[in-house]
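Structure record follows, encoded as structure tokens.
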Amino acid sequence: MKQRIFGKTGKPVSEIGLGTWQLGTKWGDPFDREEAFRILETAEEAGITFIDTADVYNGGKSEETIGAYVAEHPDQFYITTKCGRRLNPHMAEMYTPEAIAGFIEDSLRRMKLEKLDMILLHCPPTPVFARDDIFAALDRQKQLGKIAAYGVSIEKVQEGVQAMAYDISAVEVIFNMFRLKPLEELFPLASRKNVGIIARVPLASGLLTGKYTRDTSFGPQDHRSYNREGAAFDKGETFSGVPYELGLEAVEELKKAFGTGDLAPIAIRWILMHPQVSVVIPGASRAAQVYDNVRAAELPPLTEAQMQAVRDIYDQYLRETIHPQW
């Protein structure tokens, strides 16, 4: 597995990491701790050194399981966690220095760590990205030795641009074949400021695997059923905000462009073609999917013609719908 330097942290991390939203569970299914351990073990064996989690994933079980694993396998992973989504109601005024300090303590406790490698604000309301007191609180936690670095996870490109007015070390952003807007302003600014880029939702909630059809069904507790219009959280988290039928049309064009129905490794390889990306974090609900994800690192670079085909398909099918929103 190739390594990339994670922005101003100076830390080398595997270019393919592990996202743990669905660690040990398919969305909506019961949590399986043994499978979660197998996923983490497989990730280590595959050369993955970067894990992304959050305090809300599986009700805290994601952090707890990662903590239990790293206790037995120390110094194997760089761990980024996220905070803020536990606030209820999730409103800008609920973000306070005291809340941030509490979230950090809770994550330290769940993972049984003395210091967090990195914490990210977890897609807070847009006004939070201009809150001096919140970023000062994160600086304070860094001075106290509770965190080594901090950053933001964003929904909209402009949120990341705004956050880079502060001393953040990373921006986590949805970036995939269906989301090209980060290339225009966010990535160049991050490069100038040496801010690491974590590319999340690389497969557009599975749509970019090429496996889904109009007849594919998702369980009632799966966000791909209930959040297509943003009923529970930002709809951009579900299929990257792409209307499902429209996404299927674009996927068919991508299959033609690449001459294959198995788009998953190509979709990840496409992300890795962008040097501004520090790490891409596909998820896995079972161990075998980890190896499916890392296959992308073995593919040869995509050609300019292939890269242009992705841009053309985006422009034809998605730009008008997606570009103005995020």
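Chain identifiers are assigned as A, B, and so on, following the order in which chains appear in the structure tokens; residues are numbered from 1 within each chain, and ligands are numbered from 1 in order of appearance.
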Taking only C-alpha atoms into account, produce a table as a Markdown table in which each residue of stretch 48-68 of chain A with an atom at most 12 Å from an atom of stretch 196-209 of chain A appears once, together with its shortest atom pair and the distance in Å to one decimal, ordered by chain and rising number.
```
| residue | atom | partner | partner_atom | distance |
| --- | --- | --- | --- | --- |
| A:Phe50 | CA | A:Ile198 | CA | 10.2 |
| A:Ile51 | CA | A:Ile198 | CA | 10.7 |
| A:Asp52 | CA | A:Ile198 | CA | 9.1 |
| A:Thr53 | CA | A:Arg200 | CA | 11.4 |
```
A:Phe129: which residues within 12 Å, counting only C-alpha atoms, same-chain residues fewer than 5 positions away excluded, as a list in words?
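Near A:Phe129, the qualifying residues are Ala92, Tyr95, Leu120, Leu121, His122, Cys123, Pro124, Ile134, Phe135, Ala136, Gly151, Val152, Ser153, Ile154, Glu155, Lys156, Val157, Gln158, Glu159, Gly160, Val161, Gln162, Ala163, Met164, Ala165, Tyr166, Ile168 and Val171 of chain A.
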Hey, what does DSSP flag as strand (DSSP E) within stretch 9-168 of chain A? Can you give it to me as a list of chain:residue names?
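Result set for stretch 9-168 of chain A (strand (DSSP E)): A:Pro12, A:Val13, A:Ser14, A:Leu18, A:Gly19, A:Phe50, A:Ile51, A:Asp52, A:Tyr78, A:Ile79, A:Thr80, A:Thr81, A:Lys82, A:Cys83, A:Met118, A:Ile119, A:Leu120, A:Leu121, A:His122, A:Tyr150, A:Gly151, A:Val152, A:Ser153.
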Please, what distance in Å, to one decimal, runs between atom CA of A:Gly210 and atom CA of A:Asp262?
5.9 Å
Closest-contact table, stretch 219-270 of chain A side, partner stretch 6-17 of chain A, 12 Å, counting only C-alpha atoms, as a Markdown table:
```
| residue | atom | partner | partner_atom | distance |
| --- | --- | --- | --- | --- |
| A:Pro265 | CA | A:Ile16 | CA | 11.2 |
| A:Ile268 | CA | A:Ile16 | CA | 8.6 |
| A:Arg269 | CA | A:Ile16 | CA | 9.7 |
```
Save out the residues we just selected, N, CA and C atoms, as a PDB file, in the first residue's frame.
```pdb
ATOM      1  N   PRO A 265     -13.422  -0.487  -7.958  1.00  0.00           N
ATOM      2  CA  PRO A 265     -11.994  -0.167  -7.896  1.00  0.00           C
ATOM      3  C   PRO A 265     -11.616   1.011  -8.779  1.00  0.00           C
ATOM      4  N   ILE A 268     -12.467   4.310  -6.992  1.00  0.00           N
ATOM      5  CA  ILE A 268     -11.470   4.649  -5.978  1.00  0.00           C
ATOM      6  C   ILE A 268     -10.167   5.074  -6.636  1.00  0.00           C
ATOM      7  N   ARG A 269      -9.784   4.380  -7.703  1.00  0.00           N
ATOM      8  CA  ARG A 269      -8.549   4.755  -8.406  1.00  0.00           C
ATOM      9  C   ARG A 269      -8.668   6.158  -8.989  1.00  0.00           C
TER      10      ARG A 269
END
```
Find the residues around A:Pro74 up to 12 Å (only C-alpha atoms counted), leave out those fewer than 5 positions away in its own chain, and share them as a list of chain:residue names.
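Residues near the query, excluding close chain neighbours: A:Glu44, A:Thr49, A:Ile66, A:Gly67, A:Ala68, A:Tyr69, A:Ile79, A:Met111, A:Lys112, A:Leu113.
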Looking only at the backbone, which of the residues in stretch 30-196 of chain A does DSSP tag as helix (DSSP H, G or I), as an MDAnalysis selection string?
chainID A and resid 33:45 57:72 92:94 97:111 126:130 132:143 157:163 181:183 186:193
If I take atom CA of A:Arg131 and atom CA of A:Asn176, how far is one from the other in Å, to one decimal?
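Result for atom CA of A:Arg131 versus atom CA of A:Asn176: 28.9 Å, one decimal.
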If you count only C-alpha atoms, which residues fall within 8 Å of A:Arg179, apart from same-chain ones fewer than 3 positions away, as number ranges by chain?
A: 174-176, 182, 240, 322-323
Spatial neighbours of stretch 211-223 of chain A, 8 Å, only C-alpha atoms, chain gap at least 5 places, as a list in words:
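The residues satisfying every condition are Trp27, Gly28, Asp29, Gly206, Arg228, Thr238, Glu245, Leu248, Gly261 and Asp262 of chain A.
Closest to A:Tyr78 among A:Asp167, A:Glu105, A:Glu172, A:Asp117 is A:Asp117, based on only C-alpha atoms.
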